[in-house]
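Have a look at the structure below before the remarks.
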Amino acid sequence: MNYITSKKEHTTMNAQFDKIFINATLVNHDGVHQADVGVIDGRIAHIGDLQSADAKETINCKGLHILPGVIDTQVHFREPGAEHKENLETGSLAAVMGGVTGVFEMPNTNPLTIDRANFEDKIKRATHRMHCDFAFYIGGTHDNVDELPILEKLPGCAGVKVFMGSSTGSLLVEDDDGVEKILSAITRRAAFHSEDEPRLNERKHLRVENVPSSHPVWRDVEAAVKCTKRLLAIARKTGKRIHVLHISTADEMDILAANKDVATVEVTPHHLTLDETAYERLGTYVQMNPPVRNAEHRAGIWRGVDLGIVDVLGSDHAPHTREEKDQPYPNSPSGMTGVQTLVPVMLDHVNAGRMSLERFVDLTSHGPNRLFQINNKGRIAVGYDADFTIVDMNREQTITNVWIASKPGWTPYDGVKVKGWPVGTILRGNRVMWEGELVDAHKGEPMRFAESMAG
């Protein structure tokens, strides 16, 4: 289908709009409805009937849904230090090919993103080289506590990320005193990988060589629950806001539900989609931290989505090469690709009746805007950036490794047929991806936050 109307069909030399998107179904904070959207200078200028309006370009979205641009709030793009498995350009290409307009990238690079120089180096590397907009986390450590109040407010900073488990070197802050000092020093919401490092060390002997299904035995439910309880106690003691990443257990949902005044919650598509049977099919390619667990825990995570306990979806895109993943467990690294498959996998859940399209938008656009106070993103509203994820809810398509733009070129969903597909990725009014093709490259800019020095 040809959705694009040529400029020549408009006779007005001085067009009112740069672009108009017509005949769409908008999914937004105020529900689902038919409307057209007009864009001027990269921002939404009008929402309503624009059938007779003048524009430089008109995009007919009949039969399609326009969502606020999807923001993936947890990705690892590996640059600097591990560009052999991903870099800022390839990771962001995967994002826009999957309908994602913005990402929050994590600090466990080499060198670590724990000081101003390395943070600003990443901003420089990313600006107008990444295909989507971006923010970077600063890693909280024992050694940079005094600098965190300044670092967390640098332009383009998503906040502070703390690894209480599953990390090495100075990024690992496994002790309560260290976490308390970090939370006491900062003012913004801090994100946490919550697994109890002492328990993980005690249980390493439970890993079975060449048996990836022993991964959730080693990194058991109690390792996650124990750490999350510790974290909540510290948050209450310091009076600070926390964001608990990639919840993998049903048990934590009940605990977090009782602490929503201080804690927000992220879940991932893989914890909502896969269960312990995936180890038989995928082996180390489904190895993650925290692990994919059994169907009962998956059901408990869905219950958290249904009850509103969950605030955002993040892919935890953490790519490794095939050669790395093909090493025998436990020498194989944890992590999988995910930023490109977030939208189609979750739209398939929507079509299967597991969640509404409005709830998906809440988790991927409104939620990030609300939690992190991103300026001008997360809603289809006049004055906001014209960032859209345009989807065909009726399209059935099979996810394949060949489709994956991420450097390793594989996905745990290879061969999975889904219903619901990203047709277009629109960044500040520009078609970056359309119908599976990269149209407009390298326009990514740092996101701005109300709580940062950028204002």
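Chain labels follow the order of the structure tokens: the first chain is A, the next B, and so on; residue numbering restarts at 1 in every chain, and ligands are counted from 1 in their shown order.
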
(request) Using DSSP on the backbone, list every residue of range 213-417 of chain A that comes out as helix (DSSP H, G or I), and give them as a PyMOL selection string. (result) chain A and resi 213-218+221-238+250-257+269-273+278-286+295-306+322-325+342-351+357-372+401-403

Export C-alpha atoms of the chosen residues as a PDB file, in the first residue's frame?
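Saved result, again.pdb, follows:
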ATOM      1  CA  SER A 213      18.198 -24.662  32.900  1.00  0.00           C
ATOM      2  CA  SER A 214      20.195 -24.622  36.136  1.00  0.00           C
ATOM      3  CA  HIS A 215      20.518 -20.837  35.768  1.00  0.00           C
ATOM      4  CA  PRO A 216      17.239 -20.061  37.617  1.00  0.00           C
ATOM      5  CA  VAL A 217      18.178 -22.669  40.240  1.00  0.00           C
ATOM      6  CA  TRP A 218      21.368 -20.763  40.997  1.00  0.00           C
ATOM      7  CA  VAL A 221      13.544 -16.497  43.619  1.00  0.00           C
ATOM      8  CA  GLU A 222      14.889 -15.767  47.081  1.00  0.00           C
ATOM      9  CA  ALA A 223      17.928 -13.964  45.633  1.00  0.00           C
ATOM     10  CA  ALA A 224      15.561 -11.489  43.984  1.00  0.00           C
ATOM     11  CA  VAL A 225      13.071 -11.226  46.857  1.00  0.00           C
ATOM     12  CA  LYS A 226      15.727 -10.783  49.539  1.00  0.00           C
ATOM     13  CA  CYS A 227      17.433  -7.964  47.651  1.00  0.00           C
ATOM     14  CA  THR A 228      14.195  -6.152  46.821  1.00  0.00           C
ATOM     15  CA  LYS A 229      13.156  -6.222  50.492  1.00  0.00           C
ATOM     16  CA  ARG A 230      16.544  -4.780  51.469  1.00  0.00           C
ATOM     17  CA  LEU A 231      16.245  -2.104  48.816  1.00  0.00           C
ATOM     18  CA  LEU A 232      12.762  -1.057  49.895  1.00  0.00           C
ATOM     19  CA  ALA A 233      13.889  -0.714  53.507  1.00  0.00           C
ATOM     20  CA  ILE A 234      16.761   1.557  52.451  1.00  0.00           C
ATOM     21  CA  ALA A 235      14.457   3.625  50.235  1.00  0.00           C
ATOM     22  CA  ARG A 236      12.113   4.192  53.181  1.00  0.00           C
ATOM     23  CA  LYS A 237      14.989   5.027  55.515  1.00  0.00           C
ATOM     24  CA  THR A 238      16.378   7.638  53.117  1.00  0.00           C
ATOM     25  CA  ALA A 250       5.488 -13.303  41.306  1.00  0.00           C
ATOM     26  CA  ASP A 251       6.594 -12.838  44.920  1.00  0.00           C
ATOM     27  CA  GLU A 252       8.118  -9.420  44.268  1.00  0.00           C
ATOM     28  CA  MET A 253       4.901  -8.114  42.724  1.00  0.00           C
ATOM     29  CA  ASP A 254       3.033  -8.478  46.031  1.00  0.00           C
ATOM     30  CA  ILE A 255       5.906  -6.863  47.930  1.00  0.00           C
ATOM     31  CA  LEU A 256       6.180  -3.957  45.514  1.00  0.00           C
ATOM     32  CA  ALA A 257       2.412  -3.421  45.469  1.00  0.00           C
ATOM     33  CA  PRO A 269       8.817  -8.776  27.237  1.00  0.00           C
ATOM     34  CA  HIS A 270      10.885 -11.944  27.763  1.00  0.00           C
ATOM     35  CA  HIS A 271       9.678 -12.412  31.346  1.00  0.00           C
ATOM     36  CA  LEU A 272       6.107 -11.917  30.088  1.00  0.00           C
ATOM     37  CA  THR A 273       6.522 -14.260  27.117  1.00  0.00           C
ATOM     38  CA  ALA A 278      12.522 -22.091  26.617  1.00  0.00           C
ATOM     39  CA  TYR A 279      15.764 -23.555  28.003  1.00  0.00           C
ATOM     40  CA  GLU A 280      15.078 -26.780  26.102  1.00  0.00           C
ATOM     41  CA  ARG A 281      14.636 -24.915  22.802  1.00  0.00           C
ATOM     42  CA  LEU A 282      17.091 -22.063  23.156  1.00  0.00           C
ATOM     43  CA  GLY A 283      19.702 -23.154  25.682  1.00  0.00           C
ATOM     44  CA  THR A 284      22.081 -20.311  26.543  1.00  0.00           C
ATOM     45  CA  TYR A 285      20.259 -17.980  24.128  1.00  0.00           C
ATOM     46  CA  VAL A 286      17.580 -17.530  26.797  1.00  0.00           C
ATOM     47  CA  ALA A 295       5.018 -20.341  34.086  1.00  0.00           C
ATOM     48  CA  GLU A 296       3.716 -19.560  37.578  1.00  0.00           C
ATOM     49  CA  HIS A 297       6.091 -16.641  37.902  1.00  0.00           C
ATOM     50  CA  ARG A 298       5.250 -15.479  34.391  1.00  0.00           C
ATOM     51  CA  ALA A 299       1.565 -15.478  35.380  1.00  0.00           C
ATOM     52  CA  GLY A 300       2.443 -13.477  38.490  1.00  0.00           C
ATOM     53  CA  ILE A 301       4.191 -10.840  36.389  1.00  0.00           C
ATOM     54  CA  TRP A 302       1.147 -10.585  34.134  1.00  0.00           C
ATOM     55  CA  ARG A 303      -0.956 -10.157  37.275  1.00  0.00           C
ATOM     56  CA  GLY A 304       1.259  -7.197  38.154  1.00  0.00           C
ATOM     57  CA  VAL A 305       0.542  -5.710  34.730  1.00  0.00           C
ATOM     58  CA  ASP A 306      -3.201  -6.318  35.084  1.00  0.00           C
ATOM     59  CA  ARG A 322      26.749 -16.219  18.707  1.00  0.00           C
ATOM     60  CA  GLU A 323      30.294 -17.324  19.509  1.00  0.00           C
ATOM     61  CA  GLU A 324      29.911 -15.968  23.035  1.00  0.00           C
ATOM     62  CA  LYS A 325      26.453 -17.471  23.571  1.00  0.00           C
ATOM     63  CA  LEU A 342       9.631  -5.257  22.005  1.00  0.00           C
ATOM     64  CA  VAL A 343       6.821  -3.747  19.933  1.00  0.00           C
ATOM     65  CA  PRO A 344       5.797  -6.768  17.804  1.00  0.00           C
ATOM     66  CA  VAL A 345       6.000  -9.222  20.715  1.00  0.00           C
ATOM     67  CA  MET A 346       3.857  -7.014  22.926  1.00  0.00           C
ATOM     68  CA  LEU A 347       1.372  -6.168  20.149  1.00  0.00           C
ATOM     69  CA  ASP A 348       0.878  -9.902  19.738  1.00  0.00           C
ATOM     70  CA  HIS A 349      -0.026 -10.057  23.430  1.00  0.00           C
ATOM     71  CA  VAL A 350      -2.478  -7.206  22.839  1.00  0.00           C
ATOM     72  CA  ASN A 351      -4.114  -9.063  19.966  1.00  0.00           C
ATOM     73  CA  LEU A 357      -3.461  -1.309  23.456  1.00  0.00           C
ATOM     74  CA  GLU A 358      -4.000   1.596  25.833  1.00  0.00           C
ATOM     75  CA  ARG A 359      -2.135  -0.303  28.570  1.00  0.00           C
ATOM     76  CA  PHE A 360       0.742  -0.966  26.177  1.00  0.00           C
ATOM     77  CA  VAL A 361       0.950   2.762  25.460  1.00  0.00           C
ATOM     78  CA  ASP A 362       0.868   3.479  29.184  1.00  0.00           C
ATOM     79  CA  LEU A 363       3.828   1.151  29.760  1.00  0.00           C
ATOM     80  CA  THR A 364       5.967   2.368  26.860  1.00  0.00           C
ATOM     81  CA  SER A 365       5.163   6.076  26.463  1.00  0.00           C
ATOM     82  CA  HIS A 366       3.103   7.597  29.260  1.00  0.00           C
ATOM     83  CA  GLY A 367       4.906   5.564  31.928  1.00  0.00           C
ATOM     84  CA  PRO A 368       8.429   6.695  31.022  1.00  0.00           C
ATOM     85  CA  ASN A 369       7.187  10.292  30.738  1.00  0.00           C
ATOM     86  CA  ARG A 370       5.517  10.091  34.161  1.00  0.00           C
ATOM     87  CA  LEU A 371       8.339   8.321  36.026  1.00  0.00           C
ATOM     88  CA  PHE A 372      11.312  10.171  34.610  1.00  0.00           C
ATOM     89  CA  ASN A 401      17.016 -13.537  12.619  1.00  0.00           C
ATOM     90  CA  VAL A 402      17.449 -11.969   9.172  1.00  0.00           C
ATOM     91  CA  TRP A 403      15.184  -9.067  10.215  1.00  0.00           C
TER      92      TRP A 403
END

(request) Mind checking which residues fall within 10 Å of Lys19 in chain A, counting only C-alpha atoms, ignoring those fewer than 6 positions away in the same chain, and posting them as a PyMOL selection string? (result) chain A and resi 37-42+44-45+53-59+429-430

(message) For Glu180 in chain A, find every residue with an atom within 12 Å (counting only C-alpha atoms), except residues of its own chain fewer than 2 positions away, and show them as number ranges by chain.
(response) A: 140-142, 145, 162, 164, 173-178, 182-186, 190, 230-240, 242

(request) Mind checking which residues fall within 12 Å of Arg129 in chain A, counting only C-alpha atoms, ignoring those fewer than 5 positions away in the same chain, and posting them as a ChimeraX atom specification? (result) /A:87-93,122-124,134,440-446

(request) Quick one: pull the distance between CA of Ile20 in chain A and CA of Leu427 in chain A, Å, one decimal. (result) 13.8 Å

(request) Kindly indicate which residue among A:Ala263, A:Val70, A:Leu26, A:Ala352 lies nearest to Met97 in chain A, using only C-alpha atoms for the distances. (result)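 That would be A:Val70, the residue with the smallest distance to Met97 in chain A.
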
(request) Using only C-alpha atoms, determine which residues lie at most 8 Å from Pro291 in chain A, disregarding the query and same-chain residues fewer than 2 positions distant; provide the list as a VMD selection string. (result) chain A and resid 215 to 216 219 248 287 to 289 293

For the residues in that selection, give me C-alpha atoms as an mmCIF file, in the first residue's frame.
data_model
loop_
_atom_site.group_PDB
_atom_site.id
_atom_site.type_symbol
_atom_site.label_atom_id
_atom_site.label_comp_id
_atom_site.auth_asym_id
_atom_site.auth_seq_id
_atom_site.Cartn_x
_atom_site.Cartn_y
_atom_site.Cartn_z
ATOM 1 C CA HIS A 215 20.518 -20.837 35.768
ATOM 2 C CA PRO A 216 17.239 -20.061 37.617
ATOM 3 C CA ARG A 219 19.784 -17.296 40.714
ATOM 4 C CA SER A 248 11.146 -11.842 37.358
ATOM 5 C CA GLN A 287 20.092 -17.077 29.628
ATOM 6 C CA MET A 288 19.330 -13.738 31.347
ATOM 7 C CA ASN A 289 19.851 -11.998 34.689
ATOM 8 C CA ARG A 293 11.509 -18.645 35.364
#
